[in-house]
Every structure is written in C-alpha cells, then in structure tokens.
>>> print(open('final-v2.tsv').read())   # TSV, C-alpha atoms
chain	number	residue	atom	x	y	z
W	1	MET	CA	91.33	117.40	149.46
W	2	PRO	CA	92.49	113.86	148.78
W	3	THR	CA	92.87	112.84	145.20
W	4	ILE	CA	90.41	110.25	144.07
W	5	GLN	CA	91.99	107.56	142.01
W	6	SER	CA	89.37	105.57	140.27
W	7	VAL	CA	90.12	101.95	139.66
W	8	ALA	CA	88.13	100.21	136.95
W	9	GLY	CA	85.18	98.41	138.49
W	10	GLU	CA	85.75	99.89	141.93
W	11	LEU	CA	84.21	103.29	141.55
W	12	GLU	CA	81.71	102.74	144.34
W	13	PRO	CA	83.37	102.67	147.74
W	14	HIS	CA	82.61	99.53	149.74
W	15	PRO	CA	80.08	100.25	152.54
W	16	ASP	CA	82.64	99.06	155.10
W	17	VAL	CA	84.93	101.99	154.23
W	18	ALA	CA	82.53	104.46	155.88
W	19	LEU	CA	82.08	102.19	158.92
W	20	VAL	CA	85.83	101.82	159.37
W	21	ALA	CA	86.24	105.60	159.15
W	22	ARG	CA	83.60	106.05	161.85
W	23	VAL	CA	85.31	103.55	164.15
W	24	ARG	CA	88.58	105.41	163.68
W	25	GLU	CA	86.84	108.54	164.84
W	26	GLY	CA	85.84	106.75	168.03
W	27	ASP	CA	82.38	105.47	167.11
W	28	VAL	CA	82.22	102.05	168.81
W	29	ALA	CA	78.67	101.42	167.58
W	30	ALA	CA	80.05	101.37	164.03
W	31	TYR	CA	82.38	98.56	165.09
W	32	ASP	CA	79.42	96.64	166.50
W	33	THR	CA	77.85	96.87	163.06
W	34	LEU	CA	80.98	95.37	161.52
W	35	VAL	CA	81.02	92.61	164.15
W	36	ARG	CA	77.40	91.71	163.50
W	37	LYS	CA	78.05	91.69	159.79
W	38	TYR	CA	80.98	89.29	159.91
W	39	GLU	CA	80.78	87.34	163.17
W	40	ARG	CA	79.24	84.24	161.58
W	41	GLN	CA	81.85	84.06	158.84
W	42	ILE	CA	84.74	84.60	161.25
W	43	PHE	CA	83.41	82.00	163.67
W	44	ARG	CA	82.91	79.45	160.87
W	45	ILE	CA	86.41	80.01	159.48
W	46	SER	CA	87.95	79.65	162.95
W	47	GLN	CA	85.95	76.51	163.62
W	48	HIS	CA	86.94	74.98	160.28
W	49	ILE	CA	90.63	75.55	160.98
W	50	THR	CA	90.82	74.75	164.70
W	51	GLN	CA	88.11	72.05	164.58
W	52	ASN	CA	87.43	72.90	168.18
W	53	ARG	CA	84.50	74.96	169.42
W	54	GLU	CA	86.24	76.48	172.41
W	55	ASP	CA	89.24	77.52	170.33
W	56	ALA	CA	86.99	78.96	167.65
W	57	GLU	CA	85.19	81.10	170.22
W	58	ASP	CA	88.50	82.42	171.54
W	59	VAL	CA	89.83	83.02	168.05
W	60	MET	CA	86.74	84.94	167.02
W	61	GLN	CA	86.98	87.14	170.06
W	62	ASP	CA	90.72	87.70	169.67
W	63	ALA	CA	90.43	88.40	165.95
W	64	PHE	CA	87.79	91.10	166.37
W	65	LEU	CA	89.67	92.65	169.29
W	66	LYS	CA	92.94	92.63	167.39
W	67	ALA	CA	91.28	94.15	164.32
W	68	TYR	CA	89.78	96.85	166.54
W	69	GLU	CA	93.09	97.68	168.10
W	70	LYS	CA	95.01	97.58	164.84
W	71	LEU	CA	92.49	99.42	162.75
W	72	ASP	CA	94.96	102.22	162.21
W	73	GLN	CA	97.23	99.76	160.45
W	74	PHE	CA	94.49	98.78	158.04
W	75	GLN	CA	95.59	100.39	154.81
W	76	GLY	CA	92.42	100.02	152.83
W	77	ASN	CA	94.28	98.34	149.97
W	78	SER	CA	92.17	95.27	150.56
W	79	LYS	CA	88.63	94.96	151.81
W	80	PHE	CA	88.07	95.18	155.56
W	81	TYR	CA	86.52	91.70	155.44
W	82	THR	CA	89.57	90.13	153.76
W	83	TRP	CA	91.86	91.84	156.25
W	84	LEU	CA	89.74	90.50	159.11
W	85	VAL	CA	89.75	86.99	157.62
W	86	ARG	CA	93.54	87.11	157.44
W	87	ILE	CA	93.72	87.99	161.14
W	88	ALA	CA	91.31	85.16	162.00
W	89	VAL	CA	93.28	82.63	159.91
W	90	ASN	CA	96.53	83.63	161.62
W	91	GLU	CA	94.96	83.50	165.08
W	92	SER	CA	93.50	80.07	164.31
W	93	LEU	CA	96.84	78.70	163.15
W	94	MET	CA	98.54	80.10	166.22
W	95	ARG	CA	95.95	78.42	168.41
W	96	LEU	CA	96.57	75.11	166.61
W	97	ARG	CA	100.31	75.42	167.10
W	98	LYS	CA	99.79	75.97	170.82
W	99	ARG	CA	97.60	72.92	171.06
W	100	ARG	CA	99.88	70.70	169.07
W	101	THR	CA	103.20	71.68	170.50
W	102	GLY	CA	106.06	70.21	168.58
W	103	LYS	CA	103.87	69.32	165.65
W	104	MET	CA	104.16	71.48	162.57
W	105	VAL	CA	101.03	73.26	161.56
W	106	SER	CA	101.31	74.70	158.13
W	107	ILE	CA	98.98	75.45	155.32
W	108	ASP	CA	101.62	75.98	152.69
W	109	GLU	CA	103.26	72.58	152.77
W	110	ASP	CA	102.64	70.51	149.69
W	111	ILE	CA	99.97	67.96	150.21
W	112	GLU	CA	100.70	64.67	148.63
W	113	THR	CA	97.51	62.87	148.01
W	114	GLU	CA	96.04	61.34	144.95
W	115	GLU	CA	92.72	60.82	146.64
W	116	GLY	CA	89.87	62.41	144.81
W	117	SER	CA	91.91	63.75	141.93
W	118	VAL	CA	90.23	61.21	139.69
W	119	PRO	CA	86.51	60.74	140.26
W	120	ARG	CA	85.73	57.14	141.11
W	121	ASP	CA	82.14	57.25	142.23
W	122	LEU	CA	80.36	58.12	139.03
W	123	ALA	CA	76.78	57.30	139.93
W	124	ASP	CA	74.45	60.26	139.77
W	125	TRP	CA	72.98	61.72	142.95
W	126	ALA	CA	69.33	61.63	143.87
W	127	PRO	CA	67.52	64.89	143.07
W	128	ASP	CA	67.83	67.20	146.11
W	129	PRO	CA	69.72	64.47	147.98
W	130	GLU	CA	69.97	66.51	151.17
W	131	GLN	CA	66.23	66.14	151.62
W	132	ASN	CA	66.73	62.49	152.49
W	133	TYR	CA	68.25	63.58	155.78
W	134	GLY	CA	67.05	65.62	158.72
W	135	GLN	CA	68.76	68.97	159.36
W	136	ALA	CA	70.86	67.70	162.26
W	137	GLU	CA	71.84	64.51	160.46
W	138	LEU	CA	72.78	66.43	157.32
W	139	ALA	CA	74.87	68.91	159.30
W	140	GLU	CA	76.69	65.99	160.92
W	141	ILE	CA	77.41	64.42	157.51
W	142	LEU	CA	78.69	67.74	156.15
W	143	ARG	CA	80.86	68.36	159.22
W	144	LYS	CA	82.32	64.86	159.23
W	145	THR	CA	83.02	65.00	155.51
W	146	ILE	CA	84.81	68.35	155.48
W	147	GLN	CA	86.75	67.56	158.65
W	148	GLY	CA	88.29	64.62	156.83
W	149	LEU	CA	89.93	66.83	154.22
W	150	PRO	CA	93.60	67.75	154.58
W	151	GLN	CA	93.91	71.11	156.38
W	152	GLY	CA	95.37	72.94	153.38
W	153	PHE	CA	92.50	71.83	151.14
W	154	ARG	CA	89.85	72.54	153.72
W	155	ILE	CA	90.89	76.15	154.31
W	156	VAL	CA	91.01	76.92	150.61
W	157	PHE	CA	87.56	75.39	150.04
W	158	VAL	CA	86.06	77.26	152.99
W	159	LEU	CA	87.48	80.65	152.03
W	160	ARG	CA	86.78	80.32	148.33
W	161	ASP	CA	83.52	78.40	148.13
W	162	VAL	CA	81.81	78.90	151.47
W	163	GLU	CA	82.88	82.42	152.42
W	164	GLY	CA	83.08	83.80	148.92
W	165	LEU	CA	86.64	85.15	148.73
W	166	SER	CA	88.10	85.41	145.24
W	167	THR	CA	91.05	83.23	144.19
W	168	GLU	CA	93.34	86.25	144.53
W	169	GLU	CA	92.04	87.13	148.00
W	170	THR	CA	92.37	83.51	149.13
W	171	ALA	CA	95.95	83.39	147.84
W	172	GLU	CA	96.83	86.66	149.59
W	173	THR	CA	95.16	85.62	152.85
W	174	LEU	CA	96.94	82.28	153.02
W	175	GLY	CA	100.24	83.37	151.53
W	176	LEU	CA	99.85	80.89	148.68
W	177	SER	CA	100.38	81.34	144.96
W	178	ILE	CA	97.32	81.55	142.72
W	179	PRO	CA	98.12	78.23	140.97
W	180	ALA	CA	98.44	76.58	144.42
W	181	VAL	CA	95.01	77.90	145.43
W	182	LYS	CA	93.50	76.69	142.17
W	183	SER	CA	95.02	73.24	142.43
W	184	ARG	CA	93.91	72.82	146.04
W	185	LEU	CA	90.43	74.06	145.31
W	186	LEU	CA	89.95	71.54	142.51
W	187	ARG	CA	91.18	68.68	144.67
W	188	ALA	CA	89.11	69.83	147.66
W	189	ARG	CA	85.96	70.02	145.58
W	190	LEU	CA	86.54	66.61	144.03
W	191	GLN	CA	87.37	64.95	147.34
W	192	LEU	CA	84.29	66.37	149.00
W	193	ARG	CA	82.16	65.31	146.06
W	194	GLU	CA	83.58	61.81	146.25
W	195	ARG	CA	83.00	61.53	149.98
W	196	LEU	CA	79.47	62.93	149.82
W	197	SER	CA	78.60	60.49	147.04
W	198	ARG	CA	78.33	57.68	149.52
W	199	TYR	CA	75.42	59.48	151.18
W	200	PHE	CA	73.79	61.08	148.20
W	201	ASN	CA	73.94	58.51	145.40
W	202	ARG	CA	70.71	57.81	143.61
W	203	LYS	CA	71.10	54.06	144.01
W	204	LYS	CA	71.51	54.44	147.75
W	205	GLY	CA	68.94	57.18	147.95
W	206	SER	CA	66.81	55.47	150.57
W	207	GLY	CA	67.93	58.05	153.11
W	208	GLU	CA	69.66	55.52	155.28
W	209	MET	CA	73.24	56.07	156.23
W	210	ARG	CA	75.38	53.17	155.20
W	211	SER	CA	76.94	51.34	158.02
W	212	GLU	CA	80.54	50.59	157.29
W	213	LYS	CA	82.28	47.76	159.01
J	1	MET	CA	88.94	66.37	124.54
J	2	THR	CA	89.65	63.60	127.06
J	3	CYS	CA	88.05	63.27	130.51
J	4	THR	CA	91.37	64.26	132.13
J	5	GLU	CA	91.52	67.43	130.04
J	6	PHE	CA	87.90	68.15	130.93
J	7	LEU	CA	88.60	67.62	134.61
J	8	ALA	CA	91.51	70.05	134.52
J	9	MET	CA	89.07	72.73	133.35
J	10	LEU	CA	86.27	71.73	135.73
J	11	ASP	CA	86.82	74.57	138.21
J	12	ASP	CA	86.99	77.20	135.49
J	13	LEU	CA	83.74	75.89	134.09
J	14	ILE	CA	82.07	75.92	137.52
J	15	ASP	CA	83.41	79.40	138.28
J	16	ASP	CA	82.30	80.59	134.87
J	17	SER	CA	85.72	81.75	133.82
J	18	VAL	CA	86.08	80.08	130.43
J	19	ASN	CA	86.04	81.83	127.10
J	20	PRO	CA	83.24	81.02	124.62
J	21	GLU	CA	85.55	78.91	122.47
J	22	LEU	CA	86.61	76.68	125.33
J	23	ARG	CA	83.05	76.52	126.63
J	24	THR	CA	81.95	75.09	123.28
J	25	GLU	CA	84.69	72.45	123.49
J	26	LEU	CA	83.74	71.55	127.06
J	27	GLN	CA	80.09	71.30	126.12
J	28	ALA	CA	80.94	69.09	123.17
J	29	HIS	CA	82.75	66.74	125.54
J	30	LEU	CA	79.81	66.76	127.96
J	31	SER	CA	77.33	65.86	125.25
J	32	GLY	CA	79.14	62.56	124.74
J	33	CYS	CA	80.34	61.75	128.27
J	34	GLU	CA	77.86	60.89	130.96
J	35	HIS	CA	80.57	60.45	133.59
J	36	CYS	CA	81.77	64.02	133.22
J	37	VAL	CA	78.16	65.28	133.31
J	38	VAL	CA	77.73	63.50	136.66
J	39	THR	CA	81.05	64.82	137.97
J	40	LEU	CA	80.18	68.38	136.96
J	41	ASN	CA	76.65	68.31	138.40
J	42	THR	CA	77.56	66.62	141.67
J	43	THR	CA	80.57	68.90	142.19
J	44	ARG	CA	78.31	71.92	141.68
J	45	LYS	CA	75.85	70.41	144.12
J	46	THR	CA	78.63	69.80	146.67
J	47	ILE	CA	79.54	73.48	146.64
J	48	GLU	CA	75.90	74.55	146.82
J	49	ILE	CA	75.19	72.28	149.80
J	50	TYR	CA	78.15	73.62	151.76
J	51	ARG	CA	77.24	77.18	150.87
J	52	SER	CA	73.62	76.89	151.90
J	53	HIS	CA	73.87	74.91	155.13
J	54	GLU	CA	75.12	76.38	158.36
J	55	ILE	CA	77.12	73.55	159.89
J	56	TYR	CA	78.57	75.50	162.79
J	57	ASP	CA	76.10	77.61	164.76
J	58	LEU	CA	77.34	80.74	166.42
J	59	PRO	CA	77.37	80.06	170.18
J	60	THR	CA	74.81	82.09	172.09
J	61	GLY	CA	76.23	84.85	174.24
J	62	LEU	CA	79.44	85.06	172.19
J	63	ARG	CA	78.42	88.35	170.62
J	64	ASP	CA	77.62	89.86	174.03
J	65	ARG	CA	80.96	88.75	175.46
J	66	LEU	CA	82.75	90.21	172.46
J	67	HIS	CA	80.82	93.44	172.77
J	68	ALA	CA	81.75	93.72	176.45
J	69	ALA	CA	85.42	93.05	175.66
J	70	ILE	CA	85.45	95.72	172.98
J	71	MET	CA	83.75	98.22	175.25
J	72	SER	CA	86.33	97.63	177.97
J	73	ARG	CA	89.16	98.29	175.48
J	74	CYS	CA	87.35	101.34	174.26
J	75	LYS	CA	87.11	102.85	177.71
J	76	LYS	CA	90.85	102.61	177.96
J	77	GLY	CA	91.59	103.80	174.46
J	78	CYS	CA	88.92	106.31	173.47
>>> encode(input="final-v2.tsv", output="structure tokens")
Amino acid sequence: MPTIQSVAGELEPHPDVALVARVREGDVAAYDTLVRKYERQIFRISQHITQNREDAEDVMQDAFLKAYEKLDQFQGNSKFYTWLVRIAVNESLMRLRKRRTGKMVSIDEDIETEEGSVPRDLADWAPDPEQNYGQAELAEILRKTIQGLPQGFRIVFVLRDVEGLSTEETAETLGLSIPAVKSRLLRARLQLRERLSRYFNRKKGSGEMRSEK
Amino acid sequence: MTCTEFLAMLDDLIDDSVNPELRTELQAHLSGCEHCVVTLNTTRKTIEIYRSHEIYDLPTGLRDRLHAAIMSRCKKGC
C-alpha cells in the first residue's frame, strides 16, 4: 500500500487525480472529461499568446494530444491543469517561433517600458462602465487593449488574473522568478487599467468610442 | 505613506495578501488620497472585466476534431 503523505492544506486529493488515473488505465472517456473541463482555458491561453485563431486551434489540439501521450510522464507534483497549461504555453511559443523565423520570441527577456508604471489617467470610471457598450463592441475593446500589451506582461496577466493560476504556478509555468512575475503583473494591470480608462472614464461615459486622429 | 509606496503594494492589496498592520497603513493613505482610491478601484475593475468576459470564443467543431484525433491515437495505443 502506498504511503500517504499529507501536506498541510492538501489533504483532499484534487478531482483530476482520479480522472488522470482512469485515463492511465485506458479509459478514454475520462480524458474527454478533462478536455471538456479545460478546453476553453487552453484555447484562450493559446489565442492570447499566438494572437492568431488558426494557430490557437492547432495549439489546443496539439497540447491535449501531447498531454494524452505523455500522461505517464506527469508526476503529480503539480496539478494536471498547471501541467497542461505549461504544455500549451510551450506549444504556443513554438508556433510563434515558426511564424516569425529569425525573430526572437521570448517571455523571459526583460521588458523595458515605463508605460503604465505610474497612473496618469486618474479620472474615475462610470459605474458599470462596460454597460455602455454592446457585447461585441466590448469584446473588441478588451481584445484590442490586451493585444497591445508586451507579450511577457500579457501572458502573466492572463495566467494569473484570467485563468486563476497562483503566482508560484505562473512562475513555474513560464520559467520566471516569483519577483519577475509580481513585477510584470503589477505593470500589466496598471497598463491595462490606463488603456481601458479612455473607454470607461466617467467624463467620457457617453458610450461613444473616442475617435483618435 | 507616499503614492509610490502605495502603488508598490497595490497588487498585494488587491490579492489580499497584506498583514493587518500594513492594511491599516494602506487604508490610512487611501482615506486621504482620492487618486489612489481611483487607481485601486479601476484596477480591480480591470481584472474583474477581463475575468468575466469571454473575449475569445471556442471555435465550433474544435472539440469534435480533438476527440476524433484522440480516439485515433487511442486505437493505436490502447
């Protein structure tokens, strides 16, 4: 019988542990359950990194296939989800490198930008500012805004704030130090806030998008 | 506490990882600084908006294609 080592706060096994065990025993339906559980997150992450729908579709497919084939290598030291995210991030970066041959694609290079580190737009936002826009228009604003962030900031924000990984998991997934994740997260949040302010400010809260010339 | 010092702790405040002592200091700064109140609230809102809106829809048929691909591997491997 295997020894059970209890780790503080992790006494309950994660529900994925049982699913992974079933897949290892040859139960493909259990893998379908895992796919359904995480397909949206994996697609979103791939899309945020590659910024290309076709690439994101391929990455999602490749990531789930790779995870399926390499399931025996999954140690269970981390969560299945975090392990899967790491595969998807690596696949996405590989896809980017292929597309931009000769151009370095890296998430660990230092990003030199002062933009957004000091808040400039200090006007308050309208209450529930997103309600001034239709769903499609809002989605377009959010896409455009996050696409403008430097790659290394965008990935950290997406993993940490959108997909709910912890700082430690984000650092491990991206091969960054914890202080680097923290510093990027702060700058990503502030830059996004600054950029969204032009749409959501109370004083411009008429719901019209500003036309910039 | 200056605005720069407040800003350096902004993430910890948002992520609720400050000790009670520091929280009191941060709150004291907020009570006298409207700019930092706006920065805090709008940064929180930024995160909430990105968390609650799906900006990339999953393409239809992708799940079926993936399922078929997995099944074809499975036939070979299991």
>>> closest_residue(input="final-v2.tsv", among="J:Thr60, J:Asp11, J:Glu21, J:Met1", to="chain W", atoms="all atoms listed in the file")
J:Asp11
>>> interface_residues(input="final-v2.tsv", of="chain J", to="chain W", cutoff="7 Å", atoms="only C-alpha atoms", output="CSV table (one decimal) with C-alpha atoms, in the frame of the given file")
chain,number,residue,atom,x,y,z
J,11,ASP,CA,86.8,74.6,138.2
J,35,HIS,CA,80.6,60.4,133.6
J,38,VAL,CA,77.7,63.5,136.7
J,39,THR,CA,81.0,64.8,138.0
J,42,THR,CA,77.6,66.6,141.7
J,43,THR,CA,80.6,68.9,142.2
J,46,THR,CA,78.6,69.8,146.7
J,47,ILE,CA,79.5,73.5,146.6
J,50,TYR,CA,78.2,73.6,151.8
J,51,ARG,CA,77.2,77.2,150.9
J,55,ILE,CA,77.1,73.6,159.9
J,56,TYR,CA,78.6,75.5,162.8
J,58,LEU,CA,77.3,80.7,166.4
J,66,LEU,CA,82.8,90.2,172.5
J,70,ILE,CA,85.4,95.7,173.0
J,78,CYS,CA,88.9,106.3,173.5
>>> closest_residue(input="final-v2.tsv", among="W:Arg184, W:Lys70, W:Arg86, W:Arg95", to="Pro150 of chain W", atoms="only C-alpha atoms")
W:Arg184
>>> atom_distance(input="final-v2.tsv", atom1="atom CA of Cys36 of chain J", atom2="atom CA of Glu168 of chain W")
27.5 Å
>>> axis_aligned_box(input="final-v2.tsv", around="segment 156-167 of chain W", padding_each_side="3 Å", output="AutoDock Vina command-line options")
--center_x 86.4 --center_y 80.4 --center_z 148.6 --size_x 15.2 --size_y 16.0 --size_z 14.8
>>> atom_distance(input="final-v2.tsv", atom1="atom CA of Pro13 of chain W", atom2="atom CA of Lys79 of chain W")
10.2 Å
>>> atom_distance(input="final-v2.tsv", atom1="atom CA of Arg99 of chain W", atom2="atom CA of Tyr81 of chain W")
26.8 Å
>>> residues_around(input="final-v2.tsv", residues="Leu13 of chain J", least_positions_apart="3", cutoff="9 Å", atoms="all atoms listed in the file", output="VMD selection string")
chain J and resid 9 to 10 16 to 18 23 26 40
